[in-house]
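The next block holds one structure in the form of C-alpha coordinates; read it before the comments.
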Amino acid sequence: MSTSAGLPRRILKETQRLMAEPVAGISAIPAEDNARYFHVEITGPKDSPFEGGIFKLELFLPEEYPMAAPKVRFVTKIYHPNIDKLGRICLDILKDKWSPALQIRTVLLSIQALLSAPNPDDPLANDVAEQWKVNELAAINKVLTVLDMI
Amino acid sequence: MATWNPFIEDLTENFFMCSVCLDQFNEPKQLPCLHRYCNDCLRTVIQASHDGTIECPLCKQRCCIPEDGLDGFKTDFHMKSMLEFIELRKSFEKKDLKQCVSCSKDVVCSAYCFKCRDFLCDECYKVHISNKMFTDHQPSTLKLENMAAKNLTMEEIAAMTEDPRCHFHIKEPAKLCCGTCQNEPVCLVCTHVSTKVTIS
(Lines give C-alpha, C1' and ligand atoms only; values in the text may rest on other atoms or scores of the structure.)
Protein backbone atom coordinates (compact mmCIF):
# COMPACT_ATOMS: atom_id res chain seq x y z
CA MET A 1 0.00 0.00 0.00
CA SER A 2 1.25 3.44 -0.85
CA THR A 3 2.19 5.55 2.15
CA SER A 4 0.32 8.51 0.70
CA ALA A 5 -3.04 6.72 0.97
CA GLY A 6 -5.42 8.69 3.13
CA LEU A 7 -2.98 11.56 3.30
CA PRO A 8 -4.74 14.96 3.19
CA ARG A 9 -4.43 16.72 -0.16
CA ARG A 10 -2.82 19.68 1.53
CA ILE A 11 0.12 17.56 2.75
CA LEU A 12 0.55 16.08 -0.73
CA LYS A 13 0.54 19.54 -2.28
CA GLU A 14 3.05 20.86 0.22
CA THR A 15 5.34 17.88 -0.29
CA GLN A 16 5.18 18.18 -4.06
CA ARG A 17 6.01 21.87 -3.91
CA LEU A 18 8.87 21.32 -1.44
CA MET A 19 10.41 18.87 -3.89
CA ALA A 20 9.67 20.84 -7.06
CA GLU A 21 10.65 24.28 -5.80
CA PRO A 22 13.01 23.79 -2.88
CA VAL A 23 13.96 26.78 -0.74
CA ALA A 24 17.62 27.79 -0.79
CA GLY A 25 19.49 26.22 2.11
CA ILE A 26 16.58 24.01 3.14
CA SER A 27 15.73 20.47 2.16
CA ALA A 28 12.79 18.47 3.49
CA ILE A 29 12.28 14.90 2.36
CA PRO A 30 9.43 12.72 3.55
CA ALA A 31 10.37 9.39 5.13
CA GLU A 32 9.72 6.37 2.93
CA ASP A 33 7.51 4.65 5.46
CA ASN A 34 5.69 7.71 6.83
CA ALA A 35 4.62 10.63 4.65
CA ARG A 36 4.00 12.75 7.75
CA TYR A 37 7.61 12.46 8.91
CA PHE A 38 10.23 14.61 7.17
CA HIS A 39 14.00 14.48 7.25
CA VAL A 40 15.08 18.10 7.15
CA GLU A 41 18.43 19.74 6.53
CA ILE A 42 19.04 23.44 7.02
CA THR A 43 22.37 25.00 6.11
CA GLY A 44 23.66 27.65 8.51
CA PRO A 45 22.73 31.07 7.10
CA LYS A 46 25.44 33.25 5.58
CA ASP A 47 26.95 35.88 7.90
CA SER A 48 25.64 34.09 10.97
CA PRO A 49 27.70 32.19 13.55
CA PHE A 50 26.18 29.02 12.09
CA GLU A 51 27.48 29.62 8.55
CA GLY A 52 29.12 26.51 7.15
CA GLY A 53 27.15 24.14 9.38
CA ILE A 54 24.56 21.66 8.15
CA PHE A 55 21.80 20.98 10.64
CA LYS A 56 19.61 17.92 10.56
CA LEU A 57 16.11 18.27 11.95
CA GLU A 58 13.07 16.05 12.15
CA LEU A 59 9.60 17.35 11.38
CA PHE A 60 6.37 15.56 12.08
CA LEU A 61 2.88 16.57 10.94
CA PRO A 62 0.39 15.55 13.63
CA GLU A 63 -3.05 14.17 12.78
CA GLU A 64 -4.65 17.61 13.34
CA TYR A 65 -2.28 19.38 10.93
CA PRO A 66 -2.82 22.08 9.63
CA MET A 67 -5.02 22.98 12.59
CA ALA A 68 -2.09 22.10 14.88
CA ALA A 69 1.56 23.07 14.34
CA PRO A 70 4.12 20.58 13.02
CA LYS A 71 6.47 19.13 15.64
CA VAL A 72 10.05 20.07 14.83
CA ARG A 73 13.28 19.19 16.60
CA PHE A 74 16.98 19.63 15.86
CA VAL A 75 18.75 16.30 15.59
CA THR A 76 22.17 17.88 15.10
CA LYS A 77 23.62 19.25 18.32
CA ILE A 78 23.56 23.04 18.28
CA TYR A 79 24.64 25.81 20.67
CA HIS A 80 21.81 28.33 20.44
CA PRO A 81 19.91 30.28 23.14
CA ASN A 82 16.51 29.26 21.77
CA ILE A 83 17.28 25.58 21.22
CA ASP A 84 17.87 23.20 24.11
CA LYS A 85 20.05 20.11 24.52
CA LEU A 86 17.27 17.86 23.27
CA GLY A 87 16.93 19.93 20.11
CA ARG A 88 13.60 21.44 21.11
CA ILE A 89 12.99 24.85 19.59
CA CYS A 90 11.52 27.91 21.29
CA LEU A 91 9.61 29.56 18.48
CA ASP A 92 6.19 31.19 18.89
CA ILE A 93 4.77 29.94 15.58
CA LEU A 94 5.38 26.36 16.71
CA LYS A 95 3.31 27.04 19.84
CA ASP A 96 0.56 29.60 20.44
CA LYS A 97 1.19 31.70 17.33
CA TRP A 98 0.63 28.78 14.95
CA SER A 99 -1.87 29.43 12.15
CA PRO A 100 -3.22 26.97 9.57
CA ALA A 101 -2.11 29.45 6.91
CA LEU A 102 1.51 28.64 7.77
CA GLN A 103 3.22 25.75 6.01
CA ILE A 104 6.19 23.41 6.36
CA ARG A 105 8.08 25.82 4.12
CA THR A 106 7.32 28.88 6.28
CA VAL A 107 8.15 27.02 9.49
CA LEU A 108 11.56 25.98 8.14
CA LEU A 109 12.22 29.51 6.89
CA SER A 110 11.45 30.81 10.39
CA ILE A 111 13.88 28.31 11.89
CA GLN A 112 16.51 29.38 9.38
CA ALA A 113 15.85 32.99 10.43
CA LEU A 114 16.19 31.99 14.09
CA LEU A 115 19.72 30.82 13.28
CA SER A 116 20.47 34.24 11.76
CA ALA A 117 19.01 36.08 14.71
CA PRO A 118 19.31 34.22 18.04
CA ASN A 119 17.11 35.80 20.68
CA PRO A 120 18.79 35.49 24.12
CA ASP A 121 16.01 37.58 25.73
CA ASP A 122 13.52 34.75 25.28
CA PRO A 123 15.72 31.78 26.06
CA LEU A 124 15.07 28.08 26.17
CA ALA A 125 18.64 27.13 27.03
CA ASN A 126 19.27 29.53 29.93
CA ASP A 127 23.00 28.90 30.22
CA VAL A 128 23.50 29.55 26.51
CA ALA A 129 21.42 32.73 26.65
CA GLU A 130 23.42 33.97 29.65
CA GLN A 131 26.71 33.33 27.85
CA TRP A 132 25.30 35.01 24.74
CA LYS A 133 24.43 38.16 26.69
CA VAL A 134 27.58 38.31 28.82
CA ASN A 135 30.13 37.50 26.13
CA GLU A 136 28.79 37.07 22.65
CA LEU A 137 32.20 36.39 21.16
CA ALA A 138 32.80 33.50 23.56
CA ALA A 139 29.33 32.19 22.77
CA ILE A 140 30.03 32.26 19.06
CA ASN A 141 33.28 30.42 19.70
CA LYS A 142 31.30 27.79 21.52
CA VAL A 143 28.98 27.52 18.52
CA LEU A 144 31.96 26.72 16.33
CA THR A 145 33.34 24.21 18.84
CA VAL A 146 30.04 22.36 18.90
CA LEU A 147 30.04 22.45 15.10
CA ASP A 148 33.54 20.94 15.16
CA MET A 149 34.76 23.81 13.04
CA ILE A 150 37.60 24.91 15.33
CA MET B 1 -11.34 30.26 -31.00
CA ALA B 2 -9.93 31.80 -27.88
CA THR B 3 -7.11 29.84 -26.37
CA TRP B 4 -6.94 29.24 -22.69
CA ASN B 5 -4.58 31.72 -21.24
CA PRO B 6 -1.76 30.34 -19.11
CA PHE B 7 -1.78 33.67 -17.33
CA ILE B 8 -5.25 32.90 -15.98
CA GLU B 9 -4.04 29.45 -14.92
CA ASP B 10 -1.31 31.18 -12.98
CA LEU B 11 -3.79 33.61 -11.50
CA THR B 12 -6.09 30.83 -10.27
CA GLU B 13 -3.19 28.97 -8.70
CA ASN B 14 -1.84 31.96 -6.87
CA PHE B 15 -4.75 34.24 -6.10
CA PHE B 16 -7.81 32.03 -5.93
CA MET B 17 -6.18 29.62 -3.52
CA CYS B 18 -7.38 29.01 0.03
CA SER B 19 -4.48 29.35 2.47
CA VAL B 20 -5.82 26.56 4.65
CA CYS B 21 -6.27 23.72 2.13
CA LEU B 22 -3.94 25.21 -0.53
CA ASP B 23 -6.57 24.38 -3.14
CA GLN B 24 -8.76 26.58 -5.26
CA PHE B 25 -11.55 28.20 -3.19
CA ASN B 26 -14.63 26.08 -2.80
CA GLU B 27 -17.65 28.10 -1.62
CA PRO B 28 -15.47 30.98 -0.43
CA LYS B 29 -16.59 32.67 2.80
CA GLN B 30 -15.35 36.04 3.91
CA LEU B 31 -14.29 37.09 7.40
CA PRO B 32 -14.74 40.67 8.67
CA CYS B 33 -11.04 41.29 7.85
CA LEU B 34 -11.96 40.43 4.22
CA HIS B 35 -9.74 37.34 4.04
CA ARG B 36 -11.52 34.37 2.52
CA TYR B 37 -11.47 30.63 3.13
CA CYS B 38 -13.39 27.67 1.76
CA ASN B 39 -16.63 26.88 3.53
CA ASP B 40 -15.20 23.56 4.79
CA CYS B 41 -11.89 25.08 5.87
CA LEU B 42 -13.63 27.80 7.84
CA ARG B 43 -15.73 25.11 9.50
CA THR B 44 -12.56 23.39 10.72
CA VAL B 45 -11.25 26.71 12.05
CA ILE B 46 -14.54 27.30 13.90
CA GLN B 47 -14.52 23.78 15.34
CA ALA B 48 -11.08 24.36 16.82
CA SER B 49 -12.28 27.44 18.71
CA HIS B 50 -13.06 27.20 22.42
CA ASP B 51 -14.17 30.74 23.19
CA GLY B 52 -16.68 31.71 20.53
CA THR B 53 -14.13 33.69 18.57
CA ILE B 54 -11.75 32.79 15.77
CA GLU B 55 -8.50 34.28 14.58
CA CYS B 56 -8.02 34.89 10.86
CA PRO B 57 -5.31 32.39 9.83
CA LEU B 58 -3.69 35.04 7.64
CA CYS B 59 -3.85 38.34 9.53
CA LYS B 60 -4.71 37.05 13.03
CA GLN B 61 -7.56 39.54 13.45
CA ARG B 62 -10.04 38.10 15.93
CA CYS B 63 -13.74 37.99 15.20
CA CYS B 64 -16.78 36.54 16.93
CA ILE B 65 -18.38 33.41 15.50
CA PRO B 66 -21.89 34.51 14.45
CA GLU B 67 -24.88 33.06 16.29
CA ASP B 68 -25.74 30.87 13.33
CA GLY B 69 -22.12 29.72 13.08
CA LEU B 70 -20.54 29.17 9.69
CA ASP B 71 -23.68 30.29 7.83
CA GLY B 72 -23.36 33.68 9.47
CA PHE B 73 -20.19 34.42 7.50
CA LYS B 74 -20.89 35.96 4.12
CA THR B 75 -20.28 34.00 0.94
CA ASP B 76 -18.00 35.85 -1.43
CA PHE B 77 -20.27 35.94 -4.47
CA HIS B 78 -17.86 37.88 -6.57
CA MET B 79 -15.10 35.32 -6.06
CA LYS B 80 -17.57 32.52 -6.68
CA SER B 81 -18.58 34.08 -9.99
CA MET B 82 -14.99 34.47 -11.07
CA LEU B 83 -14.23 30.84 -10.28
CA GLU B 84 -17.32 29.71 -12.11
CA PHE B 85 -16.31 31.78 -15.09
CA ILE B 86 -12.80 30.34 -15.07
CA GLU B 87 -14.09 26.77 -14.73
CA LEU B 88 -16.36 27.35 -17.69
CA ARG B 89 -13.72 28.85 -19.93
CA LYS B 90 -11.35 26.04 -19.04
CA SER B 91 -13.99 23.46 -19.99
CA PHE B 92 -14.12 24.83 -23.56
CA GLU B 93 -10.65 23.50 -24.17
CA LYS B 94 -9.82 20.94 -21.54
CA LYS B 95 -12.13 18.00 -21.87
CA ASP B 96 -11.41 16.44 -18.50
CA LEU B 97 -13.78 14.41 -16.38
CA LYS B 98 -16.27 16.41 -14.37
CA GLN B 99 -19.12 15.43 -12.14
CA CYS B 100 -22.43 15.87 -13.92
CA VAL B 101 -24.76 17.77 -11.58
CA SER B 102 -27.70 15.63 -12.63
CA CYS B 103 -26.49 12.01 -12.61
CA SER B 104 -23.47 12.65 -10.34
CA LYS B 105 -21.25 10.51 -12.58
CA ASP B 106 -17.72 11.59 -13.40
CA VAL B 107 -17.92 12.02 -17.15
CA VAL B 108 -16.85 14.37 -19.90
CA CYS B 109 -19.55 17.01 -19.59
CA SER B 110 -20.85 18.67 -22.72
CA ALA B 111 -23.20 21.34 -21.42
CA TYR B 112 -23.60 23.94 -18.71
CA CYS B 113 -26.72 25.20 -17.03
CA PHE B 114 -26.48 28.73 -15.68
CA LYS B 115 -29.49 28.11 -13.45
CA CYS B 116 -28.02 25.00 -11.81
CA ARG B 117 -24.63 26.66 -12.06
CA ASP B 118 -23.10 23.34 -12.97
CA PHE B 119 -22.03 21.01 -15.75
CA LEU B 120 -24.22 18.39 -17.42
CA CYS B 121 -23.36 15.26 -19.36
CA ASP B 122 -24.85 14.51 -22.79
CA GLU B 123 -27.64 12.30 -21.46
CA CYS B 124 -28.72 14.69 -18.73
CA TYR B 125 -28.50 17.66 -21.10
CA LYS B 126 -31.15 16.02 -23.27
CA VAL B 127 -33.42 15.59 -20.26
CA HIS B 128 -32.69 19.11 -19.09
CA ILE B 129 -33.77 20.74 -22.33
CA SER B 130 -36.84 18.57 -22.86
CA ASN B 131 -38.33 17.92 -19.45
CA LYS B 132 -41.04 20.34 -18.32
CA MET B 133 -39.55 20.42 -14.87
CA PHE B 134 -36.67 22.45 -16.19
CA THR B 135 -38.64 24.87 -18.37
CA ASP B 136 -37.11 27.89 -16.70
CA HIS B 137 -33.61 26.39 -17.05
CA GLN B 138 -33.89 25.84 -20.77
CA PRO B 139 -32.85 29.28 -22.00
CA SER B 140 -29.88 29.07 -19.63
CA THR B 141 -28.69 25.60 -20.61
CA LEU B 142 -26.01 25.75 -23.25
CA LYS B 143 -23.78 23.27 -25.04
CA LEU B 144 -20.14 23.92 -24.32
CA GLU B 145 -19.23 23.55 -27.99
CA ASN B 146 -21.78 26.23 -28.92
CA MET B 147 -20.48 28.55 -26.27
CA ALA B 148 -16.93 27.94 -27.43
CA ALA B 149 -17.87 28.35 -31.09
CA LYS B 150 -19.66 31.62 -30.45
CA ASN B 151 -16.49 32.61 -28.68
CA LEU B 152 -18.41 34.38 -25.94
CA THR B 153 -16.57 37.30 -24.50
CA MET B 154 -15.62 37.39 -20.87
CA GLU B 155 -18.32 40.00 -20.38
CA GLU B 156 -21.02 37.80 -21.85
CA ILE B 157 -20.14 34.84 -19.68
CA ALA B 158 -19.62 37.03 -16.66
CA ALA B 159 -23.04 38.58 -17.15
CA MET B 160 -24.54 35.09 -17.06
CA THR B 161 -22.60 34.01 -14.00
CA GLU B 162 -22.81 37.17 -12.01
CA ASP B 163 -26.41 37.53 -10.91
CA PRO B 164 -26.54 37.47 -7.13
CA ARG B 165 -27.58 34.36 -5.30
CA CYS B 166 -29.71 33.98 -2.20
CA HIS B 167 -27.82 34.49 1.06
CA PHE B 168 -29.62 31.56 2.67
CA HIS B 169 -30.20 29.19 -0.27
CA ILE B 170 -27.02 29.29 -2.24
CA LYS B 171 -28.40 27.52 -5.32
CA GLU B 172 -31.34 29.93 -5.66
CA PRO B 173 -31.09 33.19 -7.56
CA ALA B 174 -31.76 36.24 -5.44
CA LYS B 175 -35.00 37.97 -6.34
CA LEU B 176 -35.45 40.31 -3.40
CA CYS B 177 -33.56 42.16 -0.74
CA CYS B 178 -34.31 41.49 2.89
CA GLY B 179 -34.87 44.71 4.81
CA THR B 180 -34.48 43.19 8.25
CA CYS B 181 -31.21 41.42 7.62
CA GLN B 182 -29.16 44.30 6.32
CA ASN B 183 -30.39 44.11 2.75
CA GLU B 184 -29.12 40.58 2.12
CA PRO B 185 -30.11 39.22 -1.28
CA VAL B 186 -32.72 36.50 -0.72
CA CYS B 187 -34.78 34.15 -2.86
CA LEU B 188 -38.49 33.47 -3.09
CA VAL B 189 -38.22 30.46 -0.75
CA CYS B 190 -37.17 32.86 1.98
CA THR B 191 -40.42 34.78 1.75
CA HIS B 192 -42.25 31.57 2.66
CA VAL B 193 -40.00 30.01 5.23
CA SER B 194 -38.85 33.03 7.14
CA THR B 195 -41.18 35.52 8.74
CA LYS B 196 -38.22 37.79 9.18
CA VAL B 197 -37.98 38.64 5.50
CA THR B 198 -39.61 41.89 4.58
CA ILE B 199 -39.57 42.93 1.00
CA SER B 200 -37.92 46.19 0.29
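Ligands are numbered from 1 in the order shown, residues from 1 within each chain, and chains are lettered A, B, ... in the order they appear in the C-alpha coordinates.
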Set out as CSV a contact list for chain B and chain A with a cut-off of 10 Å, giving each residue of chain B that qualifies its closest atom pair and distance in Å to one decimal, counting only C-alpha atoms, ordered by chain and rising residue number.
residue,atom,partner,partner_atom,distance
B:Cys18,CA,A:Ala101,CA,8.7
B:Ser19,CA,A:Ala101,CA,5.0
B:Val20,CA,A:Ala101,CA,5.2
B:Cys21,CA,A:Arg10,CA,5.3
B:Leu22,CA,A:Arg10,CA,6.0
B:Asp23,CA,A:Arg10,CA,7.6
B:Cys41,CA,A:Pro100,CA,9.6
B:Thr44,CA,A:Met67,CA,7.8
B:Val45,CA,A:Met67,CA,7.3
B:Gln47,CA,A:Met67,CA,9.9
B:Ala48,CA,A:Met67,CA,7.5
B:Glu55,CA,A:Ser99,CA,8.6
B:Cys56,CA,A:Ser99,CA,8.3
B:Pro57,CA,A:Ser99,CA,5.1
B:Leu58,CA,A:Ala101,CA,5.9
B:Cys59,CA,A:Ala101,CA,9.4
B:Lys60,CA,A:Ser99,CA,8.2
Helix (DSSP H, G or I) per DSSP on the backbone: members of segment 1-169 of chain B, as JSON, numbers by chain: {"B": [6, 7, 8, 9, 10, 11, 12, 13, 14, 15, 39, 40, 41, 42, 43, 44, 45, 46, 47, 69, 70, 71, 72, 77, 78, 79, 80, 81, 82, 83, 84, 85, 86, 87, 88, 89, 90, 91, 92, 93, 122, 123, 124, 125, 126, 127, 128, 129, 130, 132, 133, 134, 135, 136, 137, 138, 139, 140, 144, 145, 146, 147, 148, 149, 150, 154, 155, 156, 157, 158, 159, 160, 161]}
message: List the spatial neighbours of Leu188 of chain B as a VMD selection string - criterion: any atom at most 8 Å away, only C-alpha atoms, same-chain residues fewer than 5 positions off excluded.
response: chain B and resid 174 to 176
Those residues with C-alpha atoms, as a PDB file, in the first residue's frame please?
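And here is the file that came out, out39.pdb:
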ATOM      1  CA  ALA B 174     -31.762  36.237  -5.441  1.00  0.00           C
ATOM      2  CA  LYS B 175     -35.000  37.973  -6.338  1.00  0.00           C
ATOM      3  CA  LEU B 176     -35.455  40.309  -3.401  1.00  0.00           C
TER       4      LEU B 176
END
Which residues come within 9 Å of Gly52 of chain A, counting only C-alpha atoms, excluding same-chain residues fewer than 6 positions away, as a short mmCIF file (atom, residue, chain, number, x, y, z; two decimals) with N, CA, C and O atoms, in the first residue's frame?
data_model
loop_
_atom_site.label_atom_id
_atom_site.label_comp_id
_atom_site.auth_asym_id
_atom_site.auth_seq_id
_atom_site.Cartn_x
_atom_site.Cartn_y
_atom_site.Cartn_z
N THR A 43 20.96 24.57 6.07
CA THR A 43 22.37 25.00 6.11
C THR A 43 22.43 26.31 6.90
O THR A 43 21.54 27.15 6.80
N GLY A 44 23.50 26.44 7.69
CA GLY A 44 23.66 27.65 8.51
C GLY A 44 23.67 28.88 7.63
O GLY A 44 24.37 28.93 6.62
N PRO A 45 22.84 29.90 7.96
CA PRO A 45 22.73 31.07 7.10
C PRO A 45 24.05 31.84 7.00
O PRO A 45 24.84 31.85 7.95
N LYS A 46 24.25 32.45 5.85
CA LYS A 46 25.44 33.25 5.58
C LYS A 46 25.50 34.41 6.59
O LYS A 46 24.46 34.93 7.01
N LEU A 147 30.11 22.82 16.52
CA LEU A 147 30.04 22.45 15.10
C LEU A 147 31.28 21.70 14.63
O LEU A 147 31.35 21.29 13.47
N MET A 149 34.12 23.04 14.10
CA MET A 149 34.76 23.81 13.04
C MET A 149 36.05 24.48 13.52
O MET A 149 36.77 25.05 12.72
#
- request: May I ask for the distance between atom CA of Gln99 of chain B and atom CA of Leu142 of chain B, given in Å to one decimal place?
  value: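 If I compute the distance from atom CA of Gln99 of chain B to atom CA of Leu142 of chain B, I get 16.7 Å.
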